[in-house]
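Shown here: coords24.txt, compact mmCIF, N, CA and C atoms.
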```txt
# COMPACT_ATOMS: atom_id res chain seq x y z
N MET A 751 46.86 -54.75 47.61
CA MET A 751 46.86 -53.57 48.45
C MET A 751 47.94 -52.62 47.93
N ILE A 752 47.61 -51.34 47.96
CA ILE A 752 48.55 -50.30 47.54
C ILE A 752 48.80 -49.37 48.72
N VAL A 753 50.05 -49.13 49.01
CA VAL A 753 50.42 -48.19 50.06
C VAL A 753 50.82 -46.88 49.39
N PHE A 754 50.13 -45.80 49.76
CA PHE A 754 50.39 -44.48 49.20
C PHE A 754 51.21 -43.70 50.23
N PHE A 755 52.36 -43.22 49.80
CA PHE A 755 53.25 -42.49 50.69
C PHE A 755 52.99 -40.99 50.63
N ASP A 756 52.55 -40.43 51.75
CA ASP A 756 52.55 -38.98 51.91
C ASP A 756 54.03 -38.57 52.01
N ALA A 757 54.34 -37.33 51.69
CA ALA A 757 55.74 -36.88 51.76
C ALA A 757 56.32 -37.10 53.15
N SER A 758 55.53 -36.87 54.18
CA SER A 758 56.06 -37.03 55.54
C SER A 758 56.53 -38.47 55.77
N ALA A 759 55.81 -39.44 55.24
CA ALA A 759 56.20 -40.84 55.42
C ALA A 759 57.55 -41.12 54.78
N LEU A 760 57.75 -40.61 53.57
CA LEU A 760 59.04 -40.82 52.90
C LEU A 760 60.17 -40.11 53.63
N ILE A 761 59.89 -38.92 54.10
CA ILE A 761 60.91 -38.17 54.84
C ILE A 761 61.28 -38.92 56.11
N TYR A 762 60.28 -39.47 56.81
CA TYR A 762 60.55 -40.24 58.03
C TYR A 762 61.46 -41.42 57.72
N VAL A 763 61.15 -42.14 56.64
CA VAL A 763 61.90 -43.35 56.30
C VAL A 763 63.31 -43.02 55.83
N LEU A 764 63.44 -42.01 54.96
CA LEU A 764 64.73 -41.75 54.33
C LEU A 764 65.61 -40.75 55.09
N GLU A 765 65.00 -39.84 55.83
CA GLU A 765 65.79 -38.82 56.52
C GLU A 765 65.69 -38.90 58.04
N GLY A 766 64.79 -39.73 58.54
CA GLY A 766 64.56 -39.78 59.98
C GLY A 766 65.78 -40.25 60.75
N GLN A 767 65.83 -39.85 62.02
CA GLN A 767 66.91 -40.33 62.88
C GLN A 767 66.81 -41.86 62.93
N PRO A 768 67.94 -42.55 63.03
CA PRO A 768 67.95 -44.01 62.88
C PRO A 768 66.91 -44.76 63.72
N SER A 769 66.76 -44.45 64.99
CA SER A 769 65.80 -45.21 65.80
C SER A 769 64.37 -44.93 65.35
N PHE A 770 64.08 -43.70 64.98
CA PHE A 770 62.75 -43.34 64.51
C PHE A 770 62.47 -43.98 63.16
N ALA A 771 63.41 -43.87 62.23
CA ALA A 771 63.24 -44.47 60.90
C ALA A 771 63.05 -45.97 61.01
N GLU A 772 63.72 -46.59 61.96
CA GLU A 772 63.59 -48.04 62.14
C GLU A 772 62.18 -48.41 62.60
N ARG A 773 61.58 -47.61 63.47
CA ARG A 773 60.19 -47.87 63.89
C ARG A 773 59.25 -47.76 62.69
N VAL A 774 59.47 -46.78 61.85
CA VAL A 774 58.63 -46.61 60.66
C VAL A 774 58.83 -47.80 59.72
N ARG A 775 60.06 -48.23 59.53
CA ARG A 775 60.32 -49.39 58.67
C ARG A 775 59.65 -50.65 59.23
N ALA A 776 59.60 -50.78 60.55
CA ALA A 776 58.93 -51.92 61.17
C ALA A 776 57.43 -51.88 60.85
N GLN A 777 56.83 -50.69 60.87
CA GLN A 777 55.41 -50.57 60.51
C GLN A 777 55.21 -50.96 59.04
N LEU A 778 56.12 -50.55 58.18
CA LEU A 778 56.03 -50.91 56.76
C LEU A 778 56.17 -52.43 56.58
N ALA A 779 57.09 -53.03 57.31
CA ALA A 779 57.28 -54.48 57.21
C ALA A 779 56.03 -55.23 57.66
N ALA A 780 55.36 -54.73 58.69
CA ALA A 780 54.12 -55.36 59.15
C ALA A 780 53.03 -55.27 58.07
N LEU A 781 52.96 -54.14 57.41
CA LEU A 781 51.99 -53.98 56.31
C LEU A 781 52.31 -54.96 55.19
N GLU A 782 53.59 -55.08 54.85
CA GLU A 782 54.00 -56.00 53.78
C GLU A 782 53.68 -57.45 54.14
N GLN A 783 53.87 -57.79 55.40
CA GLN A 783 53.59 -59.15 55.83
C GLN A 783 52.08 -59.43 55.79
N ALA A 784 51.28 -58.45 56.18
CA ALA A 784 49.83 -58.62 56.17
C ALA A 784 49.25 -58.61 54.76
N HIS A 785 49.95 -57.98 53.83
CA HIS A 785 49.45 -57.84 52.47
C HIS A 785 50.54 -58.21 51.46
N PRO A 786 50.76 -59.50 51.23
CA PRO A 786 51.78 -59.91 50.25
C PRO A 786 51.50 -59.27 48.89
N GLY A 787 52.55 -58.86 48.22
CA GLY A 787 52.41 -58.21 46.93
C GLY A 787 52.06 -56.73 47.04
N LEU A 788 52.27 -56.18 48.21
CA LEU A 788 51.99 -54.76 48.47
C LEU A 788 52.70 -53.90 47.44
N GLN A 789 51.97 -52.96 46.84
CA GLN A 789 52.55 -52.02 45.88
C GLN A 789 52.74 -50.67 46.57
N ALA A 790 53.68 -49.87 46.06
CA ALA A 790 53.92 -48.52 46.57
C ALA A 790 53.45 -47.50 45.55
N ALA A 791 52.82 -46.43 46.06
CA ALA A 791 52.34 -45.36 45.19
C ALA A 791 52.75 -44.01 45.77
N ILE A 792 52.84 -43.03 44.88
CA ILE A 792 53.31 -41.69 45.23
C ILE A 792 52.64 -40.68 44.30
N SER A 793 52.52 -39.46 44.75
CA SER A 793 52.02 -38.40 43.87
C SER A 793 53.18 -37.49 43.47
N ARG A 794 52.96 -36.71 42.44
CA ARG A 794 53.97 -35.72 42.03
C ARG A 794 54.16 -34.68 43.12
N LEU A 795 53.13 -34.45 43.92
CA LEU A 795 53.25 -33.50 45.03
C LEU A 795 54.26 -34.00 46.06
N SER A 796 54.22 -35.28 46.40
CA SER A 796 55.21 -35.83 47.33
C SER A 796 56.61 -35.74 46.75
N TRP A 797 56.71 -35.98 45.46
CA TRP A 797 58.01 -35.87 44.78
C TRP A 797 58.56 -34.47 44.99
N LEU A 798 57.73 -33.46 44.75
CA LEU A 798 58.15 -32.07 44.93
C LEU A 798 58.53 -31.80 46.39
N GLU A 799 57.64 -32.18 47.33
CA GLU A 799 57.87 -31.87 48.74
C GLU A 799 59.13 -32.53 49.28
N CYS A 800 59.41 -33.74 48.85
CA CYS A 800 60.60 -34.45 49.34
C CYS A 800 61.89 -33.86 48.81
N ARG A 801 61.85 -33.25 47.67
CA ARG A 801 63.06 -32.71 47.06
C ARG A 801 63.43 -31.31 47.56
N VAL A 802 62.45 -30.56 48.06
CA VAL A 802 62.69 -29.17 48.44
C VAL A 802 63.74 -29.03 49.53
N GLY A 803 63.59 -29.77 50.62
CA GLY A 803 64.54 -29.65 51.74
C GLY A 803 65.98 -29.92 51.34
N PRO A 804 66.24 -31.07 50.71
CA PRO A 804 67.61 -31.35 50.29
C PRO A 804 68.15 -30.33 49.27
N MET A 805 67.28 -29.84 48.40
CA MET A 805 67.73 -28.84 47.43
C MET A 805 68.10 -27.52 48.13
N LYS A 806 67.27 -27.10 49.09
CA LYS A 806 67.57 -25.88 49.84
C LYS A 806 68.89 -26.00 50.59
N ALA A 807 69.12 -27.18 51.15
CA ALA A 807 70.32 -27.41 51.95
C ALA A 807 71.53 -27.79 51.09
N ASN A 808 71.32 -27.89 49.79
CA ASN A 808 72.38 -28.33 48.88
C ASN A 808 72.94 -29.68 49.34
N ASP A 809 72.01 -30.58 49.73
CA ASP A 809 72.36 -31.89 50.26
C ASP A 809 72.18 -32.95 49.17
N ALA A 810 73.22 -33.12 48.38
CA ALA A 810 73.17 -34.04 47.24
C ALA A 810 72.95 -35.48 47.67
N ALA A 811 73.49 -35.88 48.82
CA ALA A 811 73.35 -37.26 49.27
C ALA A 811 71.89 -37.60 49.58
N THR A 812 71.21 -36.71 50.30
CA THR A 812 69.80 -36.96 50.62
C THR A 812 68.94 -36.88 49.37
N LEU A 813 69.24 -35.94 48.51
CA LEU A 813 68.51 -35.83 47.26
C LEU A 813 68.65 -37.13 46.44
N ALA A 814 69.84 -37.70 46.45
CA ALA A 814 70.07 -38.96 45.74
C ALA A 814 69.25 -40.10 46.35
N LEU A 815 69.07 -40.11 47.68
CA LEU A 815 68.23 -41.13 48.32
C LEU A 815 66.79 -41.04 47.80
N PHE A 816 66.27 -39.83 47.77
CA PHE A 816 64.92 -39.64 47.27
C PHE A 816 64.82 -40.00 45.80
N ASP A 817 65.78 -39.55 45.01
CA ASP A 817 65.75 -39.84 43.57
C ASP A 817 65.79 -41.35 43.32
N ALA A 818 66.54 -42.09 44.12
CA ALA A 818 66.58 -43.55 43.96
C ALA A 818 65.21 -44.16 44.26
N PHE A 819 64.54 -43.67 45.29
CA PHE A 819 63.21 -44.18 45.60
C PHE A 819 62.26 -43.86 44.45
N PHE A 820 62.28 -42.62 43.95
CA PHE A 820 61.36 -42.19 42.90
C PHE A 820 61.64 -42.86 41.56
N ALA A 821 62.83 -43.41 41.39
CA ALA A 821 63.18 -44.08 40.13
C ALA A 821 62.78 -45.56 40.12
N ARG A 822 62.23 -46.05 41.23
CA ARG A 822 61.85 -47.46 41.29
C ARG A 822 60.86 -47.78 40.16
N PRO A 823 61.14 -48.82 39.37
CA PRO A 823 60.25 -49.13 38.24
C PRO A 823 58.88 -49.65 38.68
N ASP A 824 58.77 -50.16 39.90
CA ASP A 824 57.49 -50.71 40.37
C ASP A 824 56.62 -49.66 41.08
N LEU A 825 57.09 -48.45 41.15
CA LEU A 825 56.37 -47.37 41.84
C LEU A 825 55.16 -46.94 41.00
N VAL A 826 54.01 -46.82 41.64
CA VAL A 826 52.79 -46.35 40.98
C VAL A 826 52.70 -44.84 41.18
N TRP A 827 52.60 -44.09 40.10
CA TRP A 827 52.50 -42.63 40.17
C TRP A 827 51.03 -42.22 40.01
N VAL A 828 50.54 -41.39 40.91
CA VAL A 828 49.20 -40.83 40.80
C VAL A 828 49.38 -39.38 40.38
N GLU A 829 48.90 -39.08 39.20
CA GLU A 829 49.07 -37.73 38.66
C GLU A 829 48.00 -36.78 39.21
N LEU A 830 48.29 -35.50 39.17
CA LEU A 830 47.35 -34.48 39.63
C LEU A 830 46.41 -34.12 38.47
N SER A 831 45.55 -35.05 38.15
CA SER A 831 44.60 -34.89 37.05
C SER A 831 43.46 -33.96 37.45
N ARG A 832 42.62 -33.66 36.50
CA ARG A 832 41.44 -32.83 36.78
C ARG A 832 40.56 -33.49 37.85
N GLU A 833 40.38 -34.81 37.74
CA GLU A 833 39.55 -35.53 38.71
C GLU A 833 40.14 -35.44 40.11
N VAL A 834 41.44 -35.56 40.22
CA VAL A 834 42.10 -35.47 41.52
C VAL A 834 41.91 -34.07 42.10
N VAL A 835 42.09 -33.05 41.29
CA VAL A 835 41.95 -31.67 41.78
C VAL A 835 40.51 -31.38 42.19
N GLU A 836 39.54 -31.87 41.42
CA GLU A 836 38.13 -31.67 41.79
C GLU A 836 37.81 -32.37 43.11
N LEU A 837 38.28 -33.60 43.27
CA LEU A 837 38.05 -34.32 44.52
C LEU A 837 38.77 -33.62 45.68
N ALA A 838 39.96 -33.13 45.44
CA ALA A 838 40.70 -32.41 46.49
C ALA A 838 39.94 -31.17 46.95
N ALA A 839 39.33 -30.46 46.01
CA ALA A 839 38.54 -29.28 46.38
C ALA A 839 37.38 -29.68 47.30
N ALA A 840 36.70 -30.77 46.95
CA ALA A 840 35.59 -31.24 47.78
C ALA A 840 36.08 -31.67 49.16
N ILE A 841 37.22 -32.35 49.22
CA ILE A 841 37.80 -32.78 50.50
C ILE A 841 38.16 -31.56 51.34
N ARG A 842 38.75 -30.57 50.71
CA ARG A 842 39.14 -29.34 51.42
C ARG A 842 37.92 -28.66 52.02
N VAL A 843 36.83 -28.59 51.26
CA VAL A 843 35.60 -27.95 51.74
C VAL A 843 34.97 -28.77 52.87
N ARG A 844 34.85 -30.09 52.67
CA ARG A 844 34.16 -30.95 53.65
C ARG A 844 34.95 -31.19 54.92
N HIS A 845 36.27 -31.33 54.80
CA HIS A 845 37.06 -31.79 55.94
C HIS A 845 38.08 -30.77 56.44
N GLY A 846 38.21 -29.64 55.76
CA GLY A 846 39.08 -28.58 56.23
C GLY A 846 40.57 -28.86 56.11
N LEU A 847 40.96 -29.82 55.29
CA LEU A 847 42.39 -30.08 55.11
C LEU A 847 43.01 -28.95 54.30
N LEU A 848 44.28 -28.71 54.53
CA LEU A 848 45.02 -27.75 53.71
C LEU A 848 45.11 -28.29 52.29
N THR A 849 45.31 -27.41 51.34
CA THR A 849 45.33 -27.81 49.93
C THR A 849 46.29 -28.96 49.65
N PRO A 850 47.56 -28.90 50.10
CA PRO A 850 48.44 -30.04 49.79
C PRO A 850 47.93 -31.36 50.37
N ASP A 851 47.39 -31.32 51.58
CA ASP A 851 46.87 -32.55 52.19
C ASP A 851 45.61 -33.04 51.46
N ALA A 852 44.75 -32.12 51.04
CA ALA A 852 43.56 -32.50 50.28
C ALA A 852 43.97 -33.15 48.96
N LEU A 853 45.00 -32.62 48.31
CA LEU A 853 45.50 -33.23 47.07
C LEU A 853 46.04 -34.64 47.33
N GLN A 854 46.77 -34.81 48.42
CA GLN A 854 47.31 -36.13 48.74
C GLN A 854 46.17 -37.12 49.01
N ALA A 855 45.18 -36.70 49.78
CA ALA A 855 44.04 -37.58 50.08
C ALA A 855 43.33 -37.97 48.78
N ALA A 856 43.10 -36.99 47.91
CA ALA A 856 42.44 -37.27 46.64
C ALA A 856 43.25 -38.23 45.78
N CYS A 857 44.56 -38.05 45.75
CA CYS A 857 45.42 -38.96 44.99
C CYS A 857 45.27 -40.38 45.51
N CYS A 858 45.32 -40.52 46.82
CA CYS A 858 45.21 -41.85 47.42
C CYS A 858 43.86 -42.48 47.11
N LEU A 859 42.78 -41.71 47.21
CA LEU A 859 41.45 -42.24 46.94
C LEU A 859 41.31 -42.70 45.49
N GLN A 860 42.09 -42.13 44.58
CA GLN A 860 42.05 -42.55 43.18
C GLN A 860 42.54 -43.98 42.99
N LEU A 861 43.22 -44.52 43.98
CA LEU A 861 43.76 -45.87 43.88
C LEU A 861 42.70 -46.94 44.12
N GLY A 862 41.52 -46.53 44.53
CA GLY A 862 40.45 -47.48 44.79
C GLY A 862 40.39 -47.88 46.25
N PRO A 863 39.54 -48.85 46.57
CA PRO A 863 39.29 -49.19 47.98
C PRO A 863 40.42 -49.95 48.67
N ARG A 864 41.31 -50.57 47.92
CA ARG A 864 42.39 -51.36 48.55
C ARG A 864 43.66 -50.53 48.62
N HIS A 865 43.63 -49.55 49.50
CA HIS A 865 44.77 -48.65 49.66
C HIS A 865 44.99 -48.35 51.13
N VAL A 866 46.16 -47.85 51.44
CA VAL A 866 46.43 -47.30 52.76
C VAL A 866 47.34 -46.09 52.56
N LEU A 867 46.98 -45.00 53.22
CA LEU A 867 47.79 -43.79 53.17
C LEU A 867 48.73 -43.80 54.36
N LEU A 868 50.03 -43.77 54.10
CA LEU A 868 51.02 -43.67 55.16
C LEU A 868 51.38 -42.21 55.35
N THR A 869 51.28 -41.73 56.58
CA THR A 869 51.52 -40.32 56.85
C THR A 869 51.92 -40.14 58.31
N GLY A 870 52.41 -38.97 58.60
CA GLY A 870 52.68 -38.58 59.98
C GLY A 870 51.61 -37.65 60.51
N ASP A 871 50.57 -37.39 59.72
CA ASP A 871 49.57 -36.38 60.02
C ASP A 871 48.20 -37.01 60.27
N ALA A 872 47.75 -36.98 61.51
CA ALA A 872 46.46 -37.59 61.88
C ALA A 872 45.26 -36.86 61.28
N ALA A 873 45.44 -35.65 60.77
CA ALA A 873 44.32 -34.90 60.18
C ALA A 873 43.68 -35.66 59.02
N PHE A 874 44.44 -36.53 58.36
CA PHE A 874 43.90 -37.30 57.24
C PHE A 874 42.77 -38.23 57.68
N ARG A 875 42.73 -38.57 58.96
CA ARG A 875 41.68 -39.48 59.46
C ARG A 875 40.29 -38.88 59.33
N ARG A 876 40.19 -37.57 59.13
CA ARG A 876 38.88 -36.92 58.98
C ARG A 876 38.23 -37.24 57.64
N VAL A 877 38.98 -37.75 56.67
CA VAL A 877 38.45 -37.97 55.33
C VAL A 877 37.78 -39.34 55.24
N ALA A 878 36.48 -39.31 55.01
CA ALA A 878 35.71 -40.55 54.89
C ALA A 878 36.22 -41.39 53.72
N GLY A 879 36.36 -42.69 53.97
CA GLY A 879 36.79 -43.60 52.92
C GLY A 879 38.29 -43.72 52.74
N LEU A 880 39.03 -42.89 53.47
CA LEU A 880 40.49 -42.92 53.36
C LEU A 880 41.05 -43.82 54.45
N ASN A 881 41.75 -44.86 54.05
CA ASN A 881 42.35 -45.80 55.00
C ASN A 881 43.72 -45.24 55.39
N VAL A 882 43.81 -44.70 56.59
CA VAL A 882 45.00 -43.96 57.03
C VAL A 882 45.78 -44.74 58.08
N THR A 883 47.08 -44.82 57.89
CA THR A 883 47.98 -45.32 58.92
C THR A 883 48.90 -44.17 59.29
N VAL A 884 48.74 -43.71 60.53
CA VAL A 884 49.61 -42.64 61.02
C VAL A 884 50.85 -43.30 61.58
N LEU A 885 51.98 -42.96 61.01
CA LEU A 885 53.24 -43.60 61.38
C LEU A 885 53.67 -43.18 62.78
N ALA A 886 54.47 -44.05 63.39
CA ALA A 886 54.98 -43.79 64.73
C ALA A 886 55.58 -42.40 64.83
N GLN A 887 55.18 -41.69 65.83
CA GLN A 887 55.71 -40.35 66.03
C GLN A 887 57.02 -40.42 66.81
N ARG A 888 57.81 -39.40 66.65
CA ARG A 888 59.07 -39.32 67.38
C ARG A 888 58.82 -39.29 68.87
N ALA A 889 59.69 -39.95 69.59
CA ALA A 889 59.60 -39.88 71.05
C ALA A 889 60.00 -38.49 71.50
N PRO A 890 59.31 -37.94 72.50
CA PRO A 890 59.69 -36.60 72.96
C PRO A 890 61.09 -36.60 73.57
N PRO A 891 61.83 -35.48 73.44
CA PRO A 891 63.18 -35.43 74.02
C PRO A 891 63.12 -35.57 75.53
N GLN A 892 64.14 -36.21 76.06
CA GLN A 892 64.18 -36.41 77.52
C GLN A 892 65.27 -35.61 78.16
```
Written as structure tokens, that's how I'd like the structure from this file.
Amino acid sequence: MIVFFDASALIYVLEGQPSFAERVRAQLAALEQAHPGLQAAISRLSWLECRVGPMKANDAATLALFDAFFARPDLVWVELSREVVELAAAIRVRHGLLTPDALQAACCLQLGPRHVLLTGDAAFRRVAGLNVTVLAQRAPPQ
């Protein structure tokens, strides 16, 4: 099984408030327990999206957290190939996803049938054949 991280999932895990990030980590641990040998995958788009916020804020510490994750030697990279872009266009037309989300869905689908997309965005559930896990949402302020 391959777990594909949407940018929102990585941001939740690495930048989320401690109690929220812990809930997300618990969901990841459950996936790992259910699927021994679970691999992690990412697209270049997630790499870009995760780096923008820390770069804008000149937050070297958070940028270093992301860079450490992206440097993992066991990480599977899904490139934005012609096939991915063509599939993303079809997903955008059929399911109405925004271009970045359509690209992420297409990247994940390139991994084959044994995948799960981790995201904070339920809109991905509209894509047929995409195995989506919507991560725990933040509790509303009280």
Extract, using only C-alpha atoms, all DNA, RNA and protein residues at most 12 Å from stretch 777-786 of chain A, discarding same-chain residues fewer than 2 positions from it, and format them as a PDB file with N, CA and C atoms, in the coordinates of the input.
```pdb
ATOM      1  N   MET A 751      46.860 -54.750  47.610  1.00  0.00           N
ATOM      2  CA  MET A 751      46.860 -53.570  48.450  1.00  0.00           C
ATOM      3  C   MET A 751      47.940 -52.620  47.930  1.00  0.00           C
ATOM      4  N   ILE A 752      47.610 -51.340  47.960  1.00  0.00           N
ATOM      5  CA  ILE A 752      48.550 -50.300  47.540  1.00  0.00           C
ATOM      6  C   ILE A 752      48.800 -49.370  48.720  1.00  0.00           C
ATOM      7  N   VAL A 753      50.050 -49.130  49.010  1.00  0.00           N
ATOM      8  CA  VAL A 753      50.420 -48.190  50.060  1.00  0.00           C
ATOM      9  C   VAL A 753      50.820 -46.880  49.390  1.00  0.00           C
ATOM     10  N   PHE A 754      50.130 -45.800  49.760  1.00  0.00           N
ATOM     11  CA  PHE A 754      50.390 -44.480  49.200  1.00  0.00           C
ATOM     12  C   PHE A 754      51.210 -43.700  50.230  1.00  0.00           C
ATOM     13  N   PHE A 755      52.360 -43.220  49.800  1.00  0.00           N
ATOM     14  CA  PHE A 755      53.250 -42.490  50.690  1.00  0.00           C
ATOM     15  C   PHE A 755      52.990 -40.990  50.630  1.00  0.00           C
ATOM     16  N   ALA A 759      55.810 -39.440  55.240  1.00  0.00           N
ATOM     17  CA  ALA A 759      56.200 -40.840  55.420  1.00  0.00           C
ATOM     18  C   ALA A 759      57.550 -41.120  54.780  1.00  0.00           C
ATOM     19  N   LEU A 760      57.750 -40.610  53.570  1.00  0.00           N
ATOM     20  CA  LEU A 760      59.040 -40.820  52.900  1.00  0.00           C
ATOM     21  C   LEU A 760      60.170 -40.110  53.630  1.00  0.00           C
ATOM     22  N   TYR A 762      60.280 -39.470  56.810  1.00  0.00           N
ATOM     23  CA  TYR A 762      60.550 -40.240  58.030  1.00  0.00           C
ATOM     24  C   TYR A 762      61.460 -41.420  57.720  1.00  0.00           C
ATOM     25  N   VAL A 763      61.150 -42.140  56.640  1.00  0.00           N
ATOM     26  CA  VAL A 763      61.900 -43.350  56.300  1.00  0.00           C
ATOM     27  C   VAL A 763      63.310 -43.020  55.830  1.00  0.00           C
ATOM     28  N   PHE A 770      64.080 -43.700  64.980  1.00  0.00           N
ATOM     29  CA  PHE A 770      62.750 -43.340  64.510  1.00  0.00           C
ATOM     30  C   PHE A 770      62.470 -43.980  63.160  1.00  0.00           C
ATOM     31  N   ALA A 771      63.410 -43.870  62.230  1.00  0.00           N
ATOM     32  CA  ALA A 771      63.240 -44.470  60.900  1.00  0.00           C
ATOM     33  C   ALA A 771      63.050 -45.970  61.010  1.00  0.00           C
ATOM     34  N   GLU A 772      63.720 -46.590  61.960  1.00  0.00           N
ATOM     35  CA  GLU A 772      63.590 -48.040  62.140  1.00  0.00           C
ATOM     36  C   GLU A 772      62.180 -48.410  62.600  1.00  0.00           C
ATOM     37  N   ARG A 773      61.580 -47.610  63.470  1.00  0.00           N
ATOM     38  CA  ARG A 773      60.190 -47.870  63.890  1.00  0.00           C
ATOM     39  C   ARG A 773      59.250 -47.760  62.690  1.00  0.00           C
ATOM     40  N   VAL A 774      59.470 -46.780  61.850  1.00  0.00           N
ATOM     41  CA  VAL A 774      58.630 -46.610  60.660  1.00  0.00           C
ATOM     42  C   VAL A 774      58.830 -47.800  59.720  1.00  0.00           C
ATOM     43  N   ARG A 775      60.060 -48.230  59.530  1.00  0.00           N
ATOM     44  CA  ARG A 775      60.320 -49.390  58.670  1.00  0.00           C
ATOM     45  C   ARG A 775      59.650 -50.650  59.230  1.00  0.00           C
ATOM     46  N   LEU A 788      52.270 -56.180  48.210  1.00  0.00           N
ATOM     47  CA  LEU A 788      51.990 -54.760  48.470  1.00  0.00           C
ATOM     48  C   LEU A 788      52.700 -53.900  47.440  1.00  0.00           C
ATOM     49  N   GLN A 789      51.970 -52.960  46.840  1.00  0.00           N
ATOM     50  CA  GLN A 789      52.550 -52.020  45.880  1.00  0.00           C
ATOM     51  C   GLN A 789      52.740 -50.670  46.570  1.00  0.00           C
ATOM     52  N   ALA A 790      53.680 -49.870  46.060  1.00  0.00           N
ATOM     53  CA  ALA A 790      53.920 -48.520  46.570  1.00  0.00           C
ATOM     54  C   ALA A 790      53.450 -47.500  45.550  1.00  0.00           C
ATOM     55  N   ARG A 864      41.310 -50.570  47.920  1.00  0.00           N
ATOM     56  CA  ARG A 864      42.390 -51.360  48.550  1.00  0.00           C
ATOM     57  C   ARG A 864      43.660 -50.530  48.620  1.00  0.00           C
ATOM     58  N   HIS A 865      43.630 -49.550  49.500  1.00  0.00           N
ATOM     59  CA  HIS A 865      44.770 -48.650  49.660  1.00  0.00           C
ATOM     60  C   HIS A 865      44.990 -48.350  51.130  1.00  0.00           C
ATOM     61  N   VAL A 866      46.160 -47.850  51.440  1.00  0.00           N
ATOM     62  CA  VAL A 866      46.430 -47.300  52.760  1.00  0.00           C
ATOM     63  C   VAL A 866      47.340 -46.090  52.560  1.00  0.00           C
ATOM     64  N   LEU A 867      46.980 -45.000  53.220  1.00  0.00           N
ATOM     65  CA  LEU A 867      47.790 -43.790  53.170  1.00  0.00           C
ATOM     66  C   LEU A 867      48.730 -43.800  54.360  1.00  0.00           C
ATOM     67  N   LEU A 868      50.030 -43.770  54.100  1.00  0.00           N
ATOM     68  CA  LEU A 868      51.020 -43.670  55.160  1.00  0.00           C
ATOM     69  C   LEU A 868      51.380 -42.210  55.350  1.00  0.00           C
ATOM     70  N   THR A 869      51.280 -41.730  56.580  1.00  0.00           N
ATOM     71  CA  THR A 869      51.520 -40.320  56.850  1.00  0.00           C
ATOM     72  C   THR A 869      51.920 -40.140  58.310  1.00  0.00           C
ATOM     73  N   THR A 883      47.080 -44.820  57.890  1.00  0.00           N
ATOM     74  CA  THR A 883      47.980 -45.320  58.920  1.00  0.00           C
ATOM     75  C   THR A 883      48.900 -44.170  59.290  1.00  0.00           C
ATOM     76  N   VAL A 884      48.740 -43.710  60.530  1.00  0.00           N
ATOM     77  CA  VAL A 884      49.610 -42.640  61.020  1.00  0.00           C
ATOM     78  C   VAL A 884      50.850 -43.300  61.580  1.00  0.00           C
ATOM     79  N   LEU A 885      51.980 -42.960  61.010  1.00  0.00           N
ATOM     80  CA  LEU A 885      53.240 -43.600  61.380  1.00  0.00           C
ATOM     81  C   LEU A 885      53.670 -43.180  62.780  1.00  0.00           C
ATOM     82  N   ALA A 886      54.470 -44.050  63.390  1.00  0.00           N
ATOM     83  CA  ALA A 886      54.980 -43.790  64.730  1.00  0.00           C
ATOM     84  C   ALA A 886      55.580 -42.400  64.830  1.00  0.00           C
ATOM     85  N   GLN A 887      55.180 -41.690  65.830  1.00  0.00           N
ATOM     86  CA  GLN A 887      55.710 -40.350  66.030  1.00  0.00           C
ATOM     87  C   GLN A 887      57.020 -40.420  66.810  1.00  0.00           C
TER      88      GLN A 887
END
```
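Proximity to A:Glu836 was assessed for A:Ala814, A:Ala776, A:Ala856, A:Val877 counting all atoms listed in the file; the smallest distance is recorded for A:Ala856.
Proximity ranking of A:Ala810, A:Cys857, A:Ala839, A:Leu847 relative to A:Asp871 places A:Leu847 first, based on only C-alpha atoms.
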Atom pair atom CA of A:Ala872 + atom CA of A:Leu813, distance 26.5 Å
**Message:** Can you tell me, as a PyMOL selection string, which residues in chain A count as alpha helix (DSSP H) by DSSP?
**Reply:** chain A and resi 757-765+768-784+794-806+810-820+832-845+849-859
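Our summary of the geometry notes that atom N of A:Ser796 is positioned 24.2 Å from atom N of A:Ser769.
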- Using backbone DSSP assignments, extract all strand (DSSP E) residues from chain A; output them as a PyMOL selection string. chain A and resi 752-755+789-793+826-828+865-869+882-884
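In this structure, atom C of A:Val835 sits 28.7 Å away from atom CA of A:Lys806.
Candidate residues A:Gly787, A:Pro768, A:Gly846, A:Pro823 were compared for distance to A:Arg876, and the nearest is A:Gly846, using only C-alpha atoms.
Closest approach to A:Leu825 among A:Cys800, A:Ala791, A:Ala807, A:Leu853 is made by A:Ala791 (distances from only C-alpha atoms).
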If you count all atoms listed in the file, the residue of A:Val802, A:Asn808, A:Ala852, A:Ile792 closest to A:Ala840 turns out to be A:Ala852
